[in-house]
2 protein chains.
Amino acid sequence: MSEPPPAPLAARASPRLVALSGGVGGAKLVDGLRHVYPPHELVVVANTGDDFEHLGLPISPDLDTLVYTLCGLADPQRGWGRAEETWACMEALAALGGPDWFRLGDRDLALHLWRRERLRTGLPLSSVTRELCARLAIPLTILPMTDERVATMLDTDEGTLGFQEYFVHRRCAPRVRRIFFEGVDEARPAPGVAEALASEAVSGIVICPSNPYLSIDPILAIAGIRDALGRSRAPVLAVSPIVAGEALKGPAAKLLRELSGASSAYEVARRYAALIDIFVLDVRDQGLRTQIEALGMEVLVTDTVMHTAEDRRRLAAVLRGHLEPG
Amino acid sequence: MSEPPPAPLAARASPRLVALSGGVGGAKLVDGLRHVYPPHELVVVANTGDDFEHLGLPISPDLDTLVYTLCGLADPQRGWGRAEETWACMEALAALGGPDWFRLGDRDLALHLWRRERLRTGLPLSSVTRELCARLAIPLTILPMTDERVATMLDTDEGTLGFQEYFVHRRCAPRVRRIFFEGVDEARPAPGVAEALASEAVSGIVICPSNPYLSIDPILAIAGIRDALGRSRAPVLAVSPIVAGEALKGPAAKLLRELSGASSAYEVARRYAALIDIFVLDVRDQGLRTQIEALGMEVLVTDTVMHTAEDRRRLAAVLRGHLEPG
């Protein structure tokens with residue numbers, strides 16, 4: 001806690017690309033983008049609707065996945081937390097009868113303890129996140145969608161559940177009827193979010209291949225963000241999180257079936273229809289191209305599956321080639 | 001947090017021996033005592049003047065040392081924390097630039113996270129400690145001296161320092177002029193402390209071989225505790241924490257030199273003169289016997305050094321043999 005805080009956002013370069021992101025899929029694409037754009041010209045707006053407090057610690061799952069992915073600490077298999085993690089604290093907590101359903105690794109705990117100390121000094125989450133990125137030498141700007149508390153809630157056939165209750169505790173088993181974002185009416189975009197989206201320098205706004213309901217909707221529900229996308233002169237591009245009818249990670253396909261009646265890239269495009277100019281469709285789904293174009297958007301077909309670091313870069317390069325031709 | 005809370009103190013057996021204890025030395029003697037007394041007839045009153053908050057977690061060094069020692073988890077070398085501990089969280093915290101001067105092991109962290117959660121429900125420290133002992137199957141009654149916040153402060157040649165600042169950060173280097181206990185005037189004994197000291201069933205009150213200034217004085221400074229020792233019909237016995245002029249652990253000898261002019265078992269006995277009936281002098285110091293008897297107390301000479309578990313039991317058996325002859 002002894003080093004000076006990093007430079008304020010205003011001192012940074014103008015944003016060139018703004019990405020709206022959830023966790024794993026978004027983080028992979030952002031990791032690709034930073035290799036094909038100057039990293040300090042990238043602004044990532046992250047979902048914080050999954051944020052919650054556990055053991056008194058402030059957990060920001062999507063921010064953390066972005067941060068760990070971008071500094072190379074993310075666990076490549078698990079999809080959350082840190083690589084080469086140990087679990088001594090959780091084991092000792094379980095032995096005390098404490099709650100261990102949400103697993104925090106020993107190294108991951110350090111981030112949450114650190115974050116709590118910083119938040120306790122009165123700093124907002126956006127400032128603490130900026131400081132975190134500076135300490136981990138992440139040159140991108142990562143912004144929480146808001147500094148206020150917004151909680152994703154799910155009305156299900158087992159009652160209304162908080163996100164972590166649904167996602168971790170109940171493993172997405174309950175059937176979802178409706179999703180809402182507690183506190184969203186009072187929430188303002190975090191400092192820098194509206195400015196980035198309104199910047200004349202931006203050549204594209206990317207909706208990452210994240211869960212449309214759980215990761216992107218909360219961001220769009222923050223006052224002014226959806227409108228800012230509509231007002232932007234830069235094209236808005238969405239990468240499909242659904243490939244061949246399934247999500248690569250998480251409950252997006254299940255939610256599409258429960259809330260839209262069918263799980264397909266077409267359903268995703270339809271949800272984004274009023275919002276986006278370009279839909280990036282996986283090559284495995286190219287049969288849907290004409291149908292999606294009929295929604296009034298341009299369709300870009302490419303391989304969107306990111307298994308390797310090279311995949312991330314290749315997809316990012318395709319996006320840049322399309323947004324900044326020539 | 002799903003199990004029912006343990007039985008209240010009132011349901012327990014009458015106390016037979018009450019021990020006032022600090023950390024390591026006291027915990028060793030208590031560990032011996034529980035082998036020579038029925039453990040559920042032992043009540044330990046622990047110093048909480050060293051308690052502090054670190055990383056937002058409530059740390060109770062002496063309670064924790066007692067608990068870890070009594071359930072066999074204490075590190076035998078280090079004198080604090082748990083055996084076979086790992087430090088992944090502290091290393092990650094240091095990498096973030098967080099405060100790592102007070103080292104919390106990964107397993108030890110679990111206890112503090114757990115305790116914080118329990119305290120946040122509104123339970124006092126005494127209840128949380130009782131629950132902790134139940135969960136760890138410790139059959140003794142361990143009571144914090146008070147549920148209120150009392151902070152041991154040291155006036156030194158480098159200014160006024162909190163205990164951890166003095167002990168951990170500054171490694172006891174500053175010269176101490178005066179010690180005081182912040183908040184002690186408002187503090188009441190924790191539930192069960194006064195009752196145990198006043199119980200007709202008690203056959204002895206033991207002041208453990210703990211630091212007289214830093215571990216025992218805070219307990220005695222709580223309203224009514226010193227008087228309760230004076231009123232008790234049971235003999236009050238103190239085991240010298242000084243052997244051959246030195247403390248086996250910690251700054252007791254240095255503090256005796258700085259505050260009483262000399263470090264010897266005699267100085268300890270003199271400090272306790274108005275309070276105790278029996279002084280347990282180490283066999284290495286038997287030359288001081290007559291001088292200490294002249295203070296108006298009985299002197300019991302034995303080997304007080306506890307290197308092994310057997311040493312602990314032997315010393316405890318000597319005390320019991322003296323307090324409950326025949």
# chains A, B, ... in the order shown; residues from 1 in each chain; ligands from 1
$ residues_around --residues "A:Val301" --least-positions-apart "2" --cutoff "10 Å" --atoms "only C-alpha atoms" --output "number ranges by chain"
A: 239, 279-286, 289, 298-299, 303-304, 318
$ write_last_selection --atoms "C-alpha atoms" --output "PDB file, in the first residue's frame"
ATOM      1  CA  VAL A 239     -19.112 -11.994 -31.298  1.00  0.00           C
ATOM      2  CA  PHE A 279     -22.487  -9.996 -35.934  1.00  0.00           C
ATOM      3  CA  VAL A 280     -19.522 -12.332 -35.858  1.00  0.00           C
ATOM      4  CA  LEU A 281     -20.786 -15.816 -36.590  1.00  0.00           C
ATOM      5  CA  ASP A 282     -18.752 -18.946 -36.119  1.00  0.00           C
ATOM      6  CA  VAL A 283     -17.869 -20.786 -39.288  1.00  0.00           C
ATOM      7  CA  ARG A 284     -19.665 -23.845 -37.924  1.00  0.00           C
ATOM      8  CA  ASP A 285     -22.900 -21.812 -37.992  1.00  0.00           C
ATOM      9  CA  GLN A 286     -22.559 -20.288 -41.458  1.00  0.00           C
ATOM     10  CA  ARG A 289     -25.894 -16.307 -42.200  1.00  0.00           C
ATOM     11  CA  GLU A 298     -23.749  -7.351 -41.399  1.00  0.00           C
ATOM     12  CA  VAL A 299     -22.489 -10.876 -40.722  1.00  0.00           C
ATOM     13  CA  ASP A 303     -13.620 -19.306 -36.552  1.00  0.00           C
ATOM     14  CA  THR A 304     -14.575 -17.851 -33.159  1.00  0.00           C
ATOM     15  CA  VAL A 318     -10.063 -10.606 -37.958  1.00  0.00           C
TER      16      VAL A 318
END
$ residues_around --residues "stretch 185-201 of chain B" --least-positions-apart "6" --cutoff "12 Å" --atoms "only C-alpha atoms" --output "ChimeraX atom specification"
/B:8-20,41-49,124-130,141-151,218-236
$ interface_residues --of "chain A" --to "chain B" --cutoff "10 Å" --atoms "only C-alpha atoms" --output "compact mmCIF listing (two decimals) with N, CA and C atoms, in the first residue's frame"
# COMPACT_ATOMS: atom_id res chain seq x y z
N MET A 1 0.83 -1.20 0.00
CA MET A 1 0.00 0.00 0.00
C MET A 1 0.87 1.25 0.00
N SER A 2 2.14 1.08 -0.28
CA SER A 2 3.04 2.20 -0.08
C SER A 2 3.36 2.96 -1.36
N GLU A 3 3.10 2.35 -2.50
CA GLU A 3 3.44 3.02 -3.74
C GLU A 3 2.41 4.09 -4.09
N HIS A 54 -18.16 -12.51 0.00
CA HIS A 54 -18.07 -13.85 0.56
C HIS A 54 -16.97 -13.83 1.62
N LEU A 55 -17.27 -14.36 2.79
CA LEU A 55 -16.33 -14.29 3.91
C LEU A 55 -15.91 -12.85 4.16
N GLY A 56 -16.84 -11.94 3.89
CA GLY A 56 -16.53 -10.53 4.10
C GLY A 56 -15.63 -9.93 3.05
N LEU A 57 -15.32 -10.69 2.01
CA LEU A 57 -14.39 -10.21 0.98
C LEU A 57 -15.16 -9.83 -0.28
N GLU A 85 -2.76 -22.95 -8.23
CA GLU A 85 -3.35 -22.48 -6.99
C GLU A 85 -3.28 -23.58 -5.93
N THR A 86 -3.32 -23.18 -4.66
CA THR A 86 -3.42 -24.15 -3.57
C THR A 86 -4.66 -23.79 -2.74
N TRP A 87 -5.10 -24.71 -1.91
CA TRP A 87 -6.41 -24.59 -1.26
C TRP A 87 -6.33 -24.84 0.23
N ALA A 88 -5.18 -24.52 0.81
CA ALA A 88 -4.98 -24.81 2.24
C ALA A 88 -5.99 -24.05 3.10
N CYS A 89 -6.26 -22.80 2.76
CA CYS A 89 -7.18 -22.01 3.58
C CYS A 89 -8.59 -22.60 3.53
N MET A 90 -9.04 -22.93 2.32
CA MET A 90 -10.39 -23.50 2.18
C MET A 90 -10.52 -24.81 2.96
N GLU A 91 -9.46 -25.62 2.91
CA GLU A 91 -9.51 -26.90 3.63
C GLU A 91 -9.62 -26.66 5.14
N ALA A 92 -8.83 -25.70 5.63
CA ALA A 92 -8.87 -25.40 7.06
C ALA A 92 -10.22 -24.79 7.43
N LEU A 93 -10.78 -23.99 6.53
CA LEU A 93 -12.09 -23.39 6.79
C LEU A 93 -13.17 -24.46 6.86
N ALA A 94 -13.10 -25.41 5.95
CA ALA A 94 -14.07 -26.51 5.96
C ALA A 94 -13.95 -27.30 7.26
N ALA A 95 -12.73 -27.47 7.74
CA ALA A 95 -12.53 -28.21 8.99
C ALA A 95 -13.16 -27.48 10.17
N LEU A 96 -13.28 -26.15 10.07
CA LEU A 96 -13.94 -25.37 11.12
C LEU A 96 -15.45 -25.33 10.93
N GLY A 97 -15.94 -25.97 9.87
CA GLY A 97 -17.38 -25.89 9.60
C GLY A 97 -17.77 -24.61 8.90
N GLY A 98 -16.79 -23.86 8.41
CA GLY A 98 -17.08 -22.61 7.70
C GLY A 98 -17.57 -22.89 6.29
N PRO A 99 -18.09 -21.84 5.62
CA PRO A 99 -18.66 -22.04 4.29
C PRO A 99 -17.55 -22.21 3.24
N ASP A 100 -17.58 -23.33 2.55
CA ASP A 100 -16.55 -23.58 1.54
C ASP A 100 -17.16 -23.86 0.17
N GLY A 105 -8.96 -19.78 -3.71
CA GLY A 105 -7.62 -20.31 -3.58
C GLY A 105 -6.76 -19.42 -2.68
N ASP A 106 -5.68 -19.98 -2.19
CA ASP A 106 -4.83 -19.22 -1.27
C ASP A 106 -4.29 -17.95 -1.92
N ARG A 107 -3.88 -18.04 -3.18
CA ARG A 107 -3.33 -16.86 -3.87
C ARG A 107 -4.43 -15.89 -4.26
N ASP A 108 -5.55 -16.43 -4.69
CA ASP A 108 -6.69 -15.62 -5.05
C ASP A 108 -7.18 -14.80 -3.85
N LEU A 109 -7.15 -15.41 -2.68
CA LEU A 109 -7.54 -14.72 -1.45
C LEU A 109 -6.78 -13.41 -1.27
N ALA A 110 -5.53 -13.41 -1.65
CA ALA A 110 -4.71 -12.22 -1.48
C ALA A 110 -5.31 -11.03 -2.23
N LEU A 111 -5.80 -11.30 -3.45
CA LEU A 111 -6.40 -10.22 -4.24
C LEU A 111 -7.62 -9.66 -3.53
N HIS A 112 -8.44 -10.54 -2.97
CA HIS A 112 -9.67 -10.07 -2.33
C HIS A 112 -9.37 -9.35 -1.02
N LEU A 113 -8.40 -9.85 -0.27
CA LEU A 113 -7.98 -9.15 0.95
C LEU A 113 -7.43 -7.77 0.59
N TRP A 114 -6.61 -7.73 -0.45
CA TRP A 114 -6.03 -6.46 -0.89
C TRP A 114 -7.13 -5.50 -1.34
N ARG A 115 -8.04 -6.01 -2.14
CA ARG A 115 -9.11 -5.15 -2.66
C ARG A 115 -9.95 -4.57 -1.53
N ARG A 116 -10.22 -5.43 -0.53
CA ARG A 116 -11.03 -4.95 0.58
C ARG A 116 -10.33 -3.82 1.33
N GLU A 117 -9.03 -3.98 1.54
CA GLU A 117 -8.29 -2.93 2.22
C GLU A 117 -8.35 -1.63 1.43
N ARG A 118 -8.24 -1.73 0.12
CA ARG A 118 -8.26 -0.52 -0.70
C ARG A 118 -9.65 0.10 -0.70
N ARG A 120 -11.79 -0.09 1.60
CA ARG A 120 -12.05 0.46 2.94
C ARG A 120 -11.49 1.86 3.12
N GLU A 131 -5.75 0.71 -9.97
CA GLU A 131 -4.54 0.50 -9.18
C GLU A 131 -4.06 -0.95 -9.30
N LEU A 132 -5.00 -1.87 -9.28
CA LEU A 132 -4.66 -3.29 -9.42
C LEU A 132 -3.96 -3.55 -10.75
N CYS A 133 -4.52 -2.99 -11.81
CA CYS A 133 -3.92 -3.18 -13.14
C CYS A 133 -2.51 -2.58 -13.18
N ALA A 134 -2.35 -1.44 -12.54
CA ALA A 134 -1.02 -0.82 -12.52
C ALA A 134 -0.04 -1.72 -11.78
N ARG A 135 -0.48 -2.27 -10.66
CA ARG A 135 0.43 -3.13 -9.87
C ARG A 135 0.80 -4.39 -10.61
N LEU A 136 -0.12 -4.88 -11.45
CA LEU A 136 0.14 -6.10 -12.20
C LEU A 136 0.64 -5.81 -13.61
$ select_by_dssp --residues "stretch 25-271 of chain B" --states "helix (DSSP H, G or I)" --output "NGL selection string"
:B and (25-36 or 39-41 or 61-70 or 88-95 or 106-120 or 125-135 or 163-169 or 184-186 or 193-198 or 212-221 or 225-231 or 252-260 or 265-271)
$ residues_around --residues "A:Asp155" --least-positions-apart "4" --cutoff "12 Å" --atoms "only C-alpha atoms" --output "number ranges by chain"
A: 159-163, 165-166, 174-181, 255, 258-259
$ residues_around --residues "stretch 72-81 of chain A" --least-positions-apart "2" --cutoff "8 Å" --atoms "only C-alpha atoms" --output "MDAnalysis selection string"
chainID A and resid 24 61 64:65 68:70 83:85 104:105 108
$ residues_around --residues "A:Ala173" --least-positions-apart "6" --cutoff "10 Å" --atoms "only C-alpha atoms" --output "ChimeraX atom specification"
/A:156-158,166-167,251,254
$ select_by_dssp --residues "stretch 148-285 of chain A" --states "strand (DSSP E or B)" --output "number ranges by chain"
A: 151-157, 159-162, 176-182, 189, 204-207, 236-239, 242-243, 246-247, 278-282
$ write_last_selection --atoms "N, CA and C atoms" --output "compact mmCIF listing (two decimals), in the first residue's frame"
# COMPACT_ATOMS: atom_id res chain seq x y z
N ALA A 151 -26.78 -6.22 -8.53
CA ALA A 151 -26.74 -7.67 -8.29
C ALA A 151 -27.67 -8.38 -9.26
N THR A 152 -27.10 -9.26 -10.06
CA THR A 152 -27.90 -10.07 -10.98
C THR A 152 -28.71 -11.09 -10.17
N MET A 153 -30.02 -11.07 -10.38
CA MET A 153 -30.93 -11.96 -9.65
C MET A 153 -31.71 -12.78 -10.66
N LEU A 154 -32.00 -14.01 -10.32
CA LEU A 154 -32.72 -14.89 -11.24
C LEU A 154 -34.00 -15.41 -10.60
N ASP A 155 -35.13 -15.12 -11.28
CA ASP A 155 -36.39 -15.76 -10.88
C ASP A 155 -36.39 -17.14 -11.49
N THR A 156 -36.47 -18.16 -10.66
CA THR A 156 -36.40 -19.54 -11.16
C THR A 156 -37.57 -20.36 -10.61
N ASP A 157 -37.65 -21.58 -11.10
CA ASP A 157 -38.69 -22.47 -10.57
C ASP A 157 -38.40 -22.90 -9.14
N GLY A 159 -37.53 -20.38 -6.96
CA GLY A 159 -37.56 -19.09 -6.28
C GLY A 159 -36.51 -18.15 -6.84
N THR A 160 -36.41 -16.97 -6.22
CA THR A 160 -35.47 -15.97 -6.69
C THR A 160 -34.09 -16.25 -6.07
N LEU A 161 -33.10 -16.36 -6.94
CA LEU A 161 -31.75 -16.69 -6.49
C LEU A 161 -30.77 -15.59 -6.88
N GLY A 162 -29.80 -15.32 -6.00
CA GLY A 162 -28.69 -14.47 -6.38
C GLY A 162 -27.81 -15.22 -7.38
N VAL A 176 -34.77 -20.97 -15.31
CA VAL A 176 -34.85 -19.52 -15.12
C VAL A 176 -36.05 -18.96 -15.87
N ARG A 177 -36.81 -18.09 -15.21
CA ARG A 177 -37.98 -17.45 -15.84
C ARG A 177 -37.70 -16.01 -16.20
N ARG A 178 -36.89 -15.36 -15.40
CA ARG A 178 -36.65 -13.94 -15.61
C ARG A 178 -35.36 -13.58 -14.90
N ILE A 179 -34.66 -12.62 -15.47
CA ILE A 179 -33.43 -12.14 -14.83
C ILE A 179 -33.59 -10.65 -14.60
N PHE A 180 -33.18 -10.20 -13.44
CA PHE A 180 -33.23 -8.75 -13.20
C PHE A 180 -31.99 -8.33 -12.42
N PHE A 181 -31.78 -7.02 -12.42
CA PHE A 181 -30.52 -6.49 -11.88
C PHE A 181 -30.84 -5.54 -10.74
N GLU A 182 -30.70 -6.06 -9.55
CA GLU A 182 -31.03 -5.29 -8.36
C GLU A 182 -30.10 -4.09 -8.25
N PRO A 189 -22.82 4.68 -14.73
CA PRO A 189 -21.60 4.08 -15.29
C PRO A 189 -20.38 4.54 -14.48
N GLY A 204 -14.40 1.20 -32.94
CA GLY A 204 -15.28 0.04 -32.82
C GLY A 204 -15.65 -0.23 -31.37
N ILE A 205 -16.86 -0.76 -31.21
CA ILE A 205 -17.29 -1.22 -29.89
C ILE A 205 -17.59 -2.70 -30.04
N VAL A 206 -16.95 -3.50 -29.21
CA VAL A 206 -17.06 -4.96 -29.34
C VAL A 206 -17.83 -5.53 -28.16
N ILE A 207 -18.89 -6.26 -28.47
CA ILE A 207 -19.55 -7.05 -27.44
C ILE A 207 -18.92 -8.43 -27.48
N VAL A 236 -20.79 -1.12 -33.95
CA VAL A 236 -20.90 -2.00 -32.79
C VAL A 236 -20.93 -3.44 -33.31
N LEU A 237 -20.04 -4.23 -32.79
CA LEU A 237 -19.83 -5.59 -33.28
C LEU A 237 -20.02 -6.57 -32.12
N ALA A 238 -20.75 -7.64 -32.36
CA ALA A 238 -20.91 -8.66 -31.31
C ALA A 238 -20.38 -9.99 -31.82
N VAL A 239 -19.61 -10.66 -30.96
CA VAL A 239 -19.11 -11.99 -31.30
C VAL A 239 -20.05 -13.01 -30.64
N ILE A 242 -22.40 -18.36 -28.85
CA ILE A 242 -23.01 -19.68 -29.12
C ILE A 242 -22.41 -20.22 -30.42
N VAL A 243 -21.91 -21.43 -30.35
CA VAL A 243 -21.35 -22.09 -31.53
C VAL A 243 -22.03 -23.44 -31.65
N GLU A 246 -24.40 -24.41 -28.86
CA GLU A 246 -23.94 -24.56 -27.48
C GLU A 246 -22.99 -23.44 -27.09
N ALA A 247 -22.99 -23.16 -25.81
CA ALA A 247 -22.00 -22.22 -25.28
C ALA A 247 -20.72 -22.98 -24.98
N ILE A 278 -22.67 -5.30 -36.68
CA ILE A 278 -21.96 -6.46 -37.22
C ILE A 278 -22.10 -7.62 -36.25
N PHE A 279 -22.43 -8.79 -36.76
CA PHE A 279 -22.49 -10.00 -35.93
C PHE A 279 -21.41 -10.95 -36.42
N VAL A 280 -20.60 -11.41 -35.50
CA VAL A 280 -19.52 -12.33 -35.86
C VAL A 280 -20.00 -13.75 -35.56
N LEU A 281 -20.18 -14.49 -36.64
CA LEU A 281 -20.79 -15.82 -36.59
C LEU A 281 -19.69 -16.86 -36.76
N ASP A 282 -19.76 -17.91 -35.97
CA ASP A 282 -18.75 -18.95 -36.12
C ASP A 282 -18.96 -19.69 -37.43
$ atom_distance --atom1 "atom CA of A:Pro38" --atom2 "atom CA of A:Ile59"
29.1 Å
$ closest_residue --among "A:Pro212, A:Leu123, A:Leu300, A:Asp50" --to "A:Gln164" --atoms "only C-alpha atoms"
A:Asp50
$ residues_around --residues "A:Arg314" --least-positions-apart "4" --cutoff "12 Å" --atoms "only C-alpha atoms" --output "ChimeraX atom specification"
/A:28-36,302-310,318-321
$ closest_residue --among "B:Tyr213, B:Ile292, B:Ala273, B:Leu140" --to "B:Leu256" --atoms "only C-alpha atoms"
B:Tyr213
$ closest_residue --among "A:Asp217, A:Phe102, A:Gly326, A:Asp277" --to "A:Glu53" --atoms "only C-alpha atoms"
A:Phe102
